[in-house]
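Data from run33.pdb: PDB, C-alpha atoms and all ligand atoms
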```pdb
MODEL        1
ATOM      1  CA  MET A 236      23.928 -19.789  29.741  1.00  0.00           C
ATOM      2  CA  LYS A 237      21.524 -17.946  27.404  1.00  0.00           C
ATOM      3  CA  LYS A 238      17.806 -18.620  27.668  1.00  0.00           C
ATOM      4  CA  ILE A 239      15.857 -19.282  24.486  1.00  0.00           C
ATOM      5  CA  VAL A 240      12.110 -19.387  23.914  1.00  0.00           C
ATOM      6  CA  VAL A 241      11.196 -21.100  20.638  1.00  0.00           C
ATOM      7  CA  LEU A 242       7.915 -20.417  18.823  1.00  0.00           C
ATOM      8  CA  ILE A 243       6.610 -23.007  16.383  1.00  0.00           C
ATOM      9  CA  SER A 244       3.404 -23.768  14.493  1.00  0.00           C
ATOM     10  CA  GLY A 245       3.900 -27.223  13.024  1.00  0.00           C
ATOM     11  CA  ARG A 246       6.419 -29.974  12.332  1.00  0.00           C
ATOM     12  CA  GLY A 247       9.225 -28.467  14.405  1.00  0.00           C
ATOM     13  CA  SER A 248      12.151 -29.884  12.426  1.00  0.00           C
ATOM     14  CA  ASN A 249      14.144 -26.660  12.879  1.00  0.00           C
ATOM     15  CA  LEU A 250      13.527 -26.777  16.629  1.00  0.00           C
ATOM     16  CA  ARG A 251      14.805 -30.328  16.529  1.00  0.00           C
ATOM     17  CA  ALA A 252      17.944 -29.288  14.620  1.00  0.00           C
ATOM     18  CA  VAL A 253      18.691 -26.671  17.290  1.00  0.00           C
ATOM     19  CA  VAL A 254      18.054 -29.062  20.183  1.00  0.00           C
ATOM     20  CA  GLU A 255      20.147 -31.821  18.616  1.00  0.00           C
ATOM     21  CA  ALA A 256      23.055 -29.438  18.009  1.00  0.00           C
ATOM     22  CA  ARG A 257      23.499 -29.294  21.804  1.00  0.00           C
ATOM     23  CA  ILE A 258      24.763 -25.720  21.722  1.00  0.00           C
ATOM     24  CA  ALA A 259      26.966 -25.154  24.739  1.00  0.00           C
ATOM     25  CA  GLN A 260      25.680 -21.767  25.924  1.00  0.00           C
ATOM     26  CA  ALA A 261      22.031 -22.276  24.955  1.00  0.00           C
ATOM     27  CA  GLU A 262      19.144 -23.451  27.095  1.00  0.00           C
ATOM     28  CA  ILE A 263      15.698 -23.818  25.562  1.00  0.00           C
ATOM     29  CA  VAL A 264      13.474 -22.738  28.423  1.00  0.00           C
ATOM     30  CA  ALA A 265      10.140 -23.062  26.612  1.00  0.00           C
ATOM     31  CA  VAL A 266       8.552 -24.065  23.320  1.00  0.00           C
ATOM     32  CA  ILE A 267       5.323 -22.262  22.493  1.00  0.00           C
ATOM     33  CA  SER A 268       2.897 -23.040  19.698  1.00  0.00           C
ATOM     34  CA  ASN A 269      -0.188 -21.287  18.395  1.00  0.00           C
ATOM     35  CA  GLN A 270      -1.443 -24.696  17.185  1.00  0.00           C
ATOM     36  CA  ALA A 271      -2.446 -27.279  19.807  1.00  0.00           C
ATOM     37  CA  ASN A 272      -1.755 -30.167  17.438  1.00  0.00           C
ATOM     38  CA  ALA A 273       1.693 -29.012  16.279  1.00  0.00           C
ATOM     39  CA  GLN A 274       3.839 -32.098  15.739  1.00  0.00           C
ATOM     40  CA  GLY A 275       6.896 -30.289  17.063  1.00  0.00           C
ATOM     41  CA  LEU A 276       5.178 -29.586  20.361  1.00  0.00           C
ATOM     42  CA  GLN A 277       4.713 -33.267  21.081  1.00  0.00           C
ATOM     43  CA  TRP A 278       8.335 -33.963  20.163  1.00  0.00           C
ATOM     44  CA  ALA A 279       9.490 -31.146  22.460  1.00  0.00           C
ATOM     45  CA  ALA A 280       7.440 -32.513  25.365  1.00  0.00           C
ATOM     46  CA  GLU A 281       8.943 -35.964  24.780  1.00  0.00           C
ATOM     47  CA  GLN A 282      12.397 -34.380  25.127  1.00  0.00           C
ATOM     48  CA  GLY A 283      11.385 -33.002  28.505  1.00  0.00           C
ATOM     49  CA  LEU A 284      11.130 -29.405  27.266  1.00  0.00           C
ATOM     50  CA  THR A 285       8.486 -27.113  28.741  1.00  0.00           C
ATOM     51  CA  THR A 286       5.694 -26.531  26.237  1.00  0.00           C
ATOM     52  CA  HIS A 287       2.768 -24.140  25.994  1.00  0.00           C
ATOM     53  CA  VAL A 288      -0.109 -23.657  23.589  1.00  0.00           C
ATOM     54  CA  ILE A 289      -1.687 -20.285  22.957  1.00  0.00           C
ATOM     55  CA  GLU A 290      -4.245 -20.735  20.204  1.00  0.00           C
ATOM     56  CA  HIS A 291      -4.547 -17.565  18.157  1.00  0.00           C
ATOM     57  CA  SER A 292      -8.076 -18.553  17.104  1.00  0.00           C
ATOM     58  CA  LYS A 293      -9.266 -18.003  20.683  1.00  0.00           C
ATOM     59  CA  PHE A 294      -8.402 -14.278  20.659  1.00  0.00           C
ATOM     60  CA  ILE A 295     -10.483 -11.421  19.333  1.00  0.00           C
ATOM     61  CA  ASP A 296      -7.571  -9.795  17.520  1.00  0.00           C
ATOM     62  CA  ARG A 297      -3.839  -9.933  16.846  1.00  0.00           C
ATOM     63  CA  GLU A 298      -3.049  -7.449  19.635  1.00  0.00           C
ATOM     64  CA  GLU A 299      -4.780  -9.533  22.311  1.00  0.00           C
ATOM     65  CA  PHE A 300      -2.981 -12.666  21.130  1.00  0.00           C
ATOM     66  CA  ASP A 301       0.378 -10.897  21.041  1.00  0.00           C
ATOM     67  CA  HIS A 302      -0.117  -9.417  24.532  1.00  0.00           C
ATOM     68  CA  THR A 303      -0.784 -12.870  25.966  1.00  0.00           C
ATOM     69  CA  LEU A 304       2.227 -14.237  24.116  1.00  0.00           C
ATOM     70  CA  ILE A 305       4.442 -11.423  25.452  1.00  0.00           C
ATOM     71  CA  ARG A 306       3.279 -12.052  29.021  1.00  0.00           C
ATOM     72  CA  LEU A 307       4.079 -15.751  28.728  1.00  0.00           C
ATOM     73  CA  ILE A 308       7.462 -15.224  27.042  1.00  0.00           C
ATOM     74  CA  ASP A 309       8.541 -12.469  29.446  1.00  0.00           C
ATOM     75  CA  GLY A 310       7.933 -14.827  32.357  1.00  0.00           C
ATOM     76  CA  TYR A 311      11.002 -16.707  31.116  1.00  0.00           C
ATOM     77  CA  GLN A 312      13.176 -13.584  30.712  1.00  0.00           C
ATOM     78  CA  PRO A 313      14.734 -15.006  27.544  1.00  0.00           C
ATOM     79  CA  ASP A 314      17.872 -13.724  25.844  1.00  0.00           C
ATOM     80  CA  LEU A 315      16.568 -14.941  22.491  1.00  0.00           C
ATOM     81  CA  VAL A 316      13.105 -15.535  21.034  1.00  0.00           C
ATOM     82  CA  LEU A 317      13.397 -17.838  18.055  1.00  0.00           C
ATOM     83  CA  LEU A 318      10.688 -18.090  15.407  1.00  0.00           C
ATOM     84  CA  ALA A 319      11.296 -21.581  14.035  1.00  0.00           C
ATOM     85  CA  GLY A 320       8.396 -22.101  11.674  1.00  0.00           C
ATOM     86  CA  PHE A 321       6.013 -19.789  13.507  1.00  0.00           C
ATOM     87  CA  MET A 322       3.292 -19.009  10.997  1.00  0.00           C
ATOM     88  CA  ARG A 323       1.695 -15.914  12.518  1.00  0.00           C
ATOM     89  CA  ILE A 324       2.394 -12.324  11.599  1.00  0.00           C
ATOM     90  CA  LEU A 325       3.431 -10.536  14.779  1.00  0.00           C
ATOM     91  CA  SER A 326       2.371  -6.984  15.642  1.00  0.00           C
ATOM     92  CA  SER A 327       4.843  -4.082  15.521  1.00  0.00           C
ATOM     93  CA  GLU A 328       4.536  -3.860  19.287  1.00  0.00           C
ATOM     94  CA  PHE A 329       5.673  -7.483  19.646  1.00  0.00           C
ATOM     95  CA  CYS A 330       8.589  -7.020  17.216  1.00  0.00           C
ATOM     96  CA  LEU A 331       9.768  -3.834  18.948  1.00  0.00           C
ATOM     97  CA  HIS A 332       9.406  -5.364  22.413  1.00  0.00           C
ATOM     98  CA  TYR A 333      11.988  -8.003  21.439  1.00  0.00           C
ATOM     99  CA  ALA A 334      14.134  -5.843  19.163  1.00  0.00           C
ATOM    100  CA  GLY A 335      17.610  -7.320  18.769  1.00  0.00           C
ATOM    101  CA  LYS A 336      16.663 -10.627  20.317  1.00  0.00           C
ATOM    102  CA  LEU A 337      13.965 -11.890  17.958  1.00  0.00           C
ATOM    103  CA  ILE A 338      15.178 -14.121  15.117  1.00  0.00           C
ATOM    104  CA  ASN A 339      13.182 -15.744  12.309  1.00  0.00           C
ATOM    105  CA  ILE A 340      13.991 -18.398   9.733  1.00  0.00           C
ATOM    106  CA  HIS A 341      12.350 -17.886   6.350  1.00  0.00           C
ATOM    107  CA  PRO A 342      12.382 -20.301   3.411  1.00  0.00           C
ATOM    108  CA  SER A 343      13.576 -17.968   0.636  1.00  0.00           C
ATOM    109  CA  LEU A 344      16.534 -15.826  -0.268  1.00  0.00           C
ATOM    110  CA  LEU A 345      15.178 -12.531   1.067  1.00  0.00           C
ATOM    111  CA  PRO A 346      14.434  -9.891  -0.029  1.00  0.00           C
ATOM    112  CA  SER A 347      12.975 -12.164  -2.711  1.00  0.00           C
ATOM    113  CA  PHE A 348       9.710 -13.831  -1.782  1.00  0.00           C
ATOM    114  CA  PRO A 349       8.715 -12.558   1.660  1.00  0.00           C
ATOM    115  CA  GLY A 350       5.462 -14.047   2.970  1.00  0.00           C
ATOM    116  CA  LEU A 351       3.970 -17.397   2.025  1.00  0.00           C
ATOM    117  CA  HIS A 352       4.384 -19.976  -0.772  1.00  0.00           C
ATOM    118  CA  THR A 353       8.041 -19.155  -1.279  1.00  0.00           C
ATOM    119  CA  HIS A 354       8.992 -22.332  -3.146  1.00  0.00           C
ATOM    120  CA  GLU A 355       6.055 -22.087  -5.576  1.00  0.00           C
ATOM    121  CA  ARG A 356       6.993 -18.495  -6.287  1.00  0.00           C
ATOM    122  CA  ALA A 357      10.691 -19.284  -6.794  1.00  0.00           C
ATOM    123  CA  LEU A 358       9.753 -22.037  -9.267  1.00  0.00           C
ATOM    124  CA  GLU A 359       7.197 -19.863 -11.079  1.00  0.00           C
ATOM    125  CA  SER A 360       9.740 -17.055 -11.384  1.00  0.00           C
ATOM    126  CA  GLY A 361      12.223 -19.363 -13.073  1.00  0.00           C
ATOM    127  CA  CYS A 362      14.881 -18.792 -10.398  1.00  0.00           C
ATOM    128  CA  ARG A 363      17.946 -21.023 -10.605  1.00  0.00           C
ATOM    129  CA  LEU A 364      18.709 -20.577  -6.917  1.00  0.00           C
ATOM    130  CA  ALA A 365      16.522 -20.876  -3.836  1.00  0.00           C
ATOM    131  CA  GLY A 366      17.381 -20.974  -0.166  1.00  0.00           C
ATOM    132  CA  CYS A 367      16.681 -19.750   3.308  1.00  0.00           C
ATOM    133  CA  THR A 368      17.324 -16.596   5.279  1.00  0.00           C
ATOM    134  CA  ILE A 369      17.776 -16.142   8.998  1.00  0.00           C
ATOM    135  CA  HIS A 370      17.180 -12.581  10.113  1.00  0.00           C
ATOM    136  CA  PHE A 371      16.453 -10.324  13.041  1.00  0.00           C
ATOM    137  CA  VAL A 372      12.768  -9.467  13.118  1.00  0.00           C
ATOM    138  CA  THR A 373      11.528  -5.912  12.739  1.00  0.00           C
ATOM    139  CA  PRO A 374       7.970  -4.686  12.133  1.00  0.00           C
ATOM    140  CA  LYS A 375       8.576  -4.946   8.356  1.00  0.00           C
ATOM    141  CA  LEU A 376       7.426  -8.436   7.338  1.00  0.00           C
ATOM    142  CA  ASP A 377      10.473 -10.628   6.616  1.00  0.00           C
ATOM    143  CA  GLY A 378      12.450  -7.400   6.255  1.00  0.00           C
ATOM    144  CA  GLY A 379      14.849  -7.247   9.214  1.00  0.00           C
ATOM    145  CA  PRO A 380      18.672  -7.364   9.139  1.00  0.00           C
ATOM    146  CA  ILE A 381      19.900 -10.585   7.534  1.00  0.00           C
ATOM    147  CA  ILE A 382      22.168 -12.760   9.666  1.00  0.00           C
ATOM    148  CA  ALA A 383      22.779 -15.715   7.348  1.00  0.00           C
ATOM    149  CA  GLN A 384      21.587 -17.191   4.086  1.00  0.00           C
ATOM    150  CA  GLY A 385      21.980 -20.584   2.510  1.00  0.00           C
ATOM    151  CA  ALA A 386      21.452 -21.152  -1.218  1.00  0.00           C
ATOM    152  CA  VAL A 387      20.627 -24.326  -3.137  1.00  0.00           C
ATOM    153  CA  PRO A 388      20.247 -24.925  -6.891  1.00  0.00           C
ATOM    154  CA  ILE A 389      16.839 -25.287  -8.541  1.00  0.00           C
ATOM    155  CA  PHE A 390      16.819 -28.156 -11.029  1.00  0.00           C
ATOM    156  CA  ASP A 391      14.592 -28.479 -14.102  1.00  0.00           C
ATOM    157  CA  HIS A 392      12.695 -31.424 -12.648  1.00  0.00           C
ATOM    158  CA  ASP A 393      12.053 -29.767  -9.266  1.00  0.00           C
ATOM    159  CA  THR A 394       8.633 -29.672  -7.682  1.00  0.00           C
ATOM    160  CA  VAL A 395       7.601 -27.623  -4.637  1.00  0.00           C
ATOM    161  CA  GLU A 396       8.213 -30.720  -2.521  1.00  0.00           C
ATOM    162  CA  THR A 397      11.701 -31.572  -3.816  1.00  0.00           C
ATOM    163  CA  LEU A 398      12.778 -27.953  -3.553  1.00  0.00           C
ATOM    164  CA  ALA A 399      11.323 -27.560  -0.053  1.00  0.00           C
ATOM    165  CA  GLN A 400      13.235 -30.648   1.040  1.00  0.00           C
ATOM    166  CA  ARG A 401      16.536 -29.325  -0.349  1.00  0.00           C
ATOM    167  CA  VAL A 402      16.019 -25.938   1.314  1.00  0.00           C
ATOM    168  CA  LEU A 403      15.016 -27.517   4.628  1.00  0.00           C
ATOM    169  CA  LYS A 404      18.315 -29.394   4.742  1.00  0.00           C
ATOM    170  CA  ILE A 405      20.294 -26.146   4.756  1.00  0.00           C
ATOM    171  CA  GLU A 406      17.860 -24.565   7.208  1.00  0.00           C
ATOM    172  CA  HIS A 407      18.806 -27.341   9.634  1.00  0.00           C
ATOM    173  CA  GLN A 408      22.509 -26.646   9.126  1.00  0.00           C
ATOM    174  CA  LEU A 409      22.297 -22.880   9.308  1.00  0.00           C
ATOM    175  CA  LEU A 410      19.891 -22.295  12.213  1.00  0.00           C
ATOM    176  CA  PRO A 411      22.004 -24.004  14.901  1.00  0.00           C
ATOM    177  CA  GLN A 412      25.060 -22.080  13.653  1.00  0.00           C
ATOM    178  CA  VAL A 413      23.208 -18.778  13.972  1.00  0.00           C
ATOM    179  CA  VAL A 414      21.879 -19.639  17.425  1.00  0.00           C
ATOM    180  CA  ASN A 415      25.404 -20.553  18.440  1.00  0.00           C
ATOM    181  CA  ASP A 416      26.707 -17.225  17.097  1.00  0.00           C
ATOM    182  CA  PHE A 417      23.953 -15.314  18.903  1.00  0.00           C
ATOM    183  CA  VAL A 418      24.489 -16.942  22.278  1.00  0.00           C
ATOM    184  CA  SER A 419      28.242 -16.438  21.862  1.00  0.00           C
ATOM    185  CA  ASP A 420      27.611 -12.676  21.377  1.00  0.00           C
ATOM    186  CA  ARG A 421      29.190 -12.726  17.907  1.00  0.00           C
ATOM    187  CA  LEU A 422      26.374 -10.893  16.128  1.00  0.00           C
ATOM    188  CA  GLU A 423      26.257  -7.126  15.896  1.00  0.00           C
ATOM    189  CA  ILE A 424      23.482  -5.221  14.129  1.00  0.00           C
ATOM    190  CA  LYS A 425      24.777  -2.226  12.168  1.00  0.00           C
ATOM    191  CA  GLY A 426      21.906  -0.502  10.394  1.00  0.00           C
ATOM    192  CA  ASN A 427      20.398  -3.104   8.112  1.00  0.00           C
ATOM    193  CA  ARG A 428      23.484  -5.318   8.190  1.00  0.00           C
ATOM    194  CA  VAL A 429      24.644  -7.882  10.685  1.00  0.00           C
ATOM    195  CA  ILE A 430      28.345  -8.197  11.361  1.00  0.00           C
ATOM    196  CA  ARG A 431      29.551 -11.588  12.513  1.00  0.00           C
ATOM    197  CA  HIS A 432      32.599 -11.291  14.747  1.00  0.00           C
ATOM    198  CA  SER A 433      34.768 -14.353  14.665  1.00  0.00           C
ATOM    199  CA  ASP A 434      36.653 -15.250  17.826  1.00  0.00           C
ATOM    200  CA  ALA A 435      39.813 -14.008  16.145  1.00  0.00           C
ATOM    201  CA  THR A 436      38.291 -10.564  15.564  1.00  0.00           C
ATOM    202  CA  GLN A 437      37.086 -10.393  19.151  1.00  0.00           C
ATOM    203  CA  ASP A 438      40.560 -11.330  20.347  1.00  0.00           C
ATOM    204  CA  GLU A 439      42.089  -8.695  18.075  1.00  0.00           C
ATOM    205  CA  GLU A 440      39.644  -6.073  19.320  1.00  0.00           C
ATOM    206  CA  ALA A 441      40.355  -7.027  22.907  1.00  0.00           C
ATOM    207  CA  ASN A 442      44.072  -6.696  22.182  1.00  0.00           C
ATOM    208  CA  LEU A 443      43.544  -3.255  20.638  1.00  0.00           C
ATOM    209  CA  LEU A 444      41.662  -2.104  23.705  1.00  0.00           C
ATOM    210  CA  ASN A 445      44.381  -3.291  26.052  1.00  0.00           C
TER
HETATM  211  C1  LIG A 501      10.523 -23.924   7.605  1.00  0.00           C
HETATM  212  O1  LIG A 501      10.743 -24.190   6.256  1.00  0.00           O
HETATM  213  C2  LIG A 501      10.653 -22.437   7.880  1.00  0.00           C
HETATM  214  O2  LIG A 501      11.626 -21.813   7.102  1.00  0.00           O
HETATM  215  C3  LIG A 501       9.280 -21.953   7.502  1.00  0.00           C
HETATM  216  O3  LIG A 501       8.398 -22.936   7.984  1.00  0.00           O
HETATM  217  C4  LIG A 501       9.061 -24.191   7.967  1.00  0.00           C
HETATM  218  C5  LIG A 501       8.919 -24.814   9.328  1.00  0.00           C
HETATM  219  O4  LIG A 501       9.384 -26.123   9.317  1.00  0.00           O
HETATM  220  N1  LIG A 501       9.002 -20.668   8.074  1.00  0.00           N
HETATM  221  C6  LIG A 501       8.196 -19.788   7.489  1.00  0.00           C
HETATM  222  O5  LIG A 501       7.654 -19.980   6.439  1.00  0.00           O
HETATM  223  C7  LIG A 501       8.040 -18.494   8.268  1.00  0.00           C
HETATM  224  N2  LIG A 501       7.349 -17.531   7.485  1.00  0.00           N
HETATM  225  P1  LIG A 501       9.637 -26.885  10.683  1.00  0.00           P
HETATM  226  O6  LIG A 501       8.368 -26.709  11.519  1.00  0.00           O
HETATM  227  O7  LIG A 501       9.843 -28.305  10.286  1.00  0.00           O
HETATM  228  O8  LIG A 501      10.827 -26.277  11.346  1.00  0.00           O
ENDMDL
END
```
Could you take the file, read its structure, and then write that structure out as structure tokens?
Amino acid sequence: MKKIVVLISGRGSNLRAVVEARIAQAEIVAVISNQANAQGLQWAAEQGLTTHVIEHSKFIDREEFDHTLIRLIDGYQPDLVLLAGFMRILSSEFCLHYAGKLINIHPSLLPSFPGLHTHERALESGCRLAGCTIHFVTPKLDGGPIIAQGAVPIFDHDTVETLAQRVLKIEHQLLPQVVNDFVSDRLEIKGNRVIRHSDATQDEEANLLN
């Protein structure tokens, strides 16, 4: 069983998608939010998950907040730290501390539109495709090795809301798949790329080694 700590800031629909996927090798050991009133936190508690709040506004700087977060997370000795709608920029120290086991979901087709307001920017830029990216986190904002992407069309009549809804649907499909791949040890980081080993490849490799 692989232990997962999930960080959220709001609605928590991606957390919910992961929980409801009932991934065989995955145990969510804690859900942490930087916002006391995060909707997703209440939902998580109702599911019987352990929840914590660490309000960033109560800390003098980012480093202090991140240190407290690290102490809390490390208490769980997680295999994976999942940023599922966590709306805080994390320090380099935090990103490096969890290198290779920190995954983020971002609502754009990276490297286009890192940061905030991704759907507005995709619409303003006249893009015909939008989507989401799931990636390993490095100190470069939204710049780590890409694990998976899902694309959706942008229609002429789209608004930020209709586009966000369409993108969110594929986020909910893709995130549980990636978590499943991670806990099944199928993901290998090679430079800036992520190789996904299917079971067949692993079997083949095992055969070659024998
Ligand atoms: C999702 O769209 C996720 O991609 C985005 O926040 C939303 C959270 O929704 N994440 C970011 O923008 C990270 N920079 P949720 O709380 O319903 O899962």
**Message:** I want to know what sits within 12 Å of Ile430 of chain A, based on only C-alpha atoms, with residues of the same chain fewer than 2 positions away left out; could you give that as a PyMOL selection string?
**Reply:** chain A and resi 380-383+416-417+420-428+432-433+436-437
**Message:** the PyMOL selection byres (((chain A and resi 401-409) around 12) and not hetatm) - which residues does that actually catch in the file I just gave you? List them as a VMD selection string.
**Reply:** chain A and resid 246 to 256 319 to 320 339 to 344 353 to 354 357 364 to 370 382 to 390 393 to 400 410 to 416
**Request:** Would you write out, as a PyMOL selection string, every residue that the PyMOL selection byres (((chain A and resi 332) around 12) and not hetatm) captures in this file?
**Result:** chain A and resi 301-302+304-306+308-309+315-316+325-331+333-337+372-374
**Request:** Pick out the closest residue to ligand LIG 501 (chain A) from this set: A:Ile263, A:Val288, A:Ile324, A:Ala271. Count only C-alpha atoms and all ligand atoms.
**Result:**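 Distance minimum relative to ligand LIG 501 (chain A) lands on A:Ile324.
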**Item:** Ref. answer, residues at most 12 Å from (2.9, -30.9, 21.3) with all atoms listed in the file, as a VMD selection string
**Value:** chain A and resid 242 to 247 265 to 289
Exercise on ligand LIG 501 (chain A), axis-aligned box with 8 Å per side, report centre and edge lengths in Å to one decimal, as JSON:
```
{"center_x": 9.5, "center_y": -22.9, "center_z": 8.9, "size_x": 20.3, "size_y": 26.8, "size_z": 21.3}
```
**Request:** Have a look at atom CA of Phe321 of chain A and atom CA of Val241 of chain A and let me know their distance in Å, one decimal.
**Result:**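 Atom CA of Val241 of chain A lies 8.9 Å from atom CA of Phe321 of chain A.
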**Item:** Computed interatomic separation between atom CA of Gly310 of chain A and atom CA of Arg257 of chain A (Å)
**Value:** 23.7 Å
**Request:** One decimal, Å: what's the distance from atom CA of Cys362 of chain A over to atom CA of Phe348 of chain A, could you say?
**Result:** 11.2 Å
**Message:** Counting all atoms listed in the file, which residue out of A:Lys375, A:Arg323, A:Lys238, A:Arg297 sits closest to ligand LIG 501 (chain A)?
**Reply:** A:Arg323
Please complete segment 381-392 of chain A with N, CA, C and O atoms and give it back as an mmCIF file, in the frame of the given file.
```cif
data_model
loop_
_atom_site.group_PDB
_atom_site.id
_atom_site.type_symbol
_atom_site.label_atom_id
_atom_site.label_comp_id
_atom_site.auth_asym_id
_atom_site.auth_seq_id
_atom_site.Cartn_x
_atom_site.Cartn_y
_atom_site.Cartn_z
ATOM 1 N N ILE A 381 19.612 -9.185 7.867
ATOM 2 C CA ILE A 381 19.900 -10.585 7.534
ATOM 3 C C ILE A 381 21.154 -11.051 8.264
ATOM 4 O O ILE A 381 22.205 -10.407 8.209
ATOM 5 N N ILE A 382 21.041 -12.191 8.932
ATOM 6 C CA ILE A 382 22.168 -12.760 9.666
ATOM 7 C C ILE A 382 22.904 -13.778 8.786
ATOM 8 O O ILE A 382 24.128 -13.779 8.713
ATOM 9 N N ALA A 383 22.138 -14.649 8.146
ATOM 10 C CA ALA A 383 22.779 -15.715 7.348
ATOM 11 C C ALA A 383 21.819 -16.178 6.261
ATOM 12 O O ALA A 383 20.588 -16.087 6.426
ATOM 13 N N GLN A 384 22.392 -16.625 5.160
ATOM 14 C CA GLN A 384 21.587 -17.191 4.086
ATOM 15 C C GLN A 384 22.263 -18.441 3.561
ATOM 16 O O GLN A 384 23.501 -18.518 3.518
ATOM 17 N N GLY A 385 21.450 -19.384 3.152
ATOM 18 C CA GLY A 385 21.980 -20.584 2.510
ATOM 19 C C GLY A 385 21.279 -20.745 1.180
ATOM 20 O O GLY A 385 20.063 -20.577 1.103
ATOM 21 N N ALA A 386 22.039 -21.030 0.118
ATOM 22 C CA ALA A 386 21.452 -21.152 -1.218
ATOM 23 C C ALA A 386 21.569 -22.592 -1.717
ATOM 24 O O ALA A 386 22.537 -23.292 -1.403
ATOM 25 N N VAL A 387 20.578 -23.008 -2.491
ATOM 26 C CA VAL A 387 20.627 -24.326 -3.137
ATOM 27 C C VAL A 387 20.225 -24.135 -4.604
ATOM 28 O O VAL A 387 19.505 -23.190 -4.931
ATOM 29 N N PRO A 388 20.661 -25.043 -5.482
ATOM 30 C CA PRO A 388 20.247 -24.925 -6.891
ATOM 31 C C PRO A 388 18.786 -25.333 -7.074
ATOM 32 O O PRO A 388 18.243 -26.097 -6.262
ATOM 33 N N ILE A 389 18.163 -24.796 -8.113
ATOM 34 C CA ILE A 389 16.839 -25.287 -8.541
ATOM 35 C C ILE A 389 17.069 -26.067 -9.833
ATOM 36 O O ILE A 389 17.672 -25.544 -10.779
ATOM 37 N N PHE A 390 16.638 -27.312 -9.851
ATOM 38 C CA PHE A 390 16.819 -28.156 -11.029
ATOM 39 C C PHE A 390 15.553 -28.158 -11.886
ATOM 40 O O PHE A 390 14.453 -27.882 -11.393
ATOM 41 N N ASP A 391 15.730 -28.514 -13.164
ATOM 42 C CA ASP A 391 14.592 -28.479 -14.102
ATOM 43 C C ASP A 391 13.422 -29.348 -13.642
ATOM 44 O O ASP A 391 12.267 -29.006 -13.856
ATOM 45 N N HIS A 392 13.751 -30.470 -13.019
ATOM 46 C CA HIS A 392 12.695 -31.424 -12.648
ATOM 47 C C HIS A 392 12.094 -31.118 -11.276
ATOM 48 O O HIS A 392 11.240 -31.861 -10.805
#
```
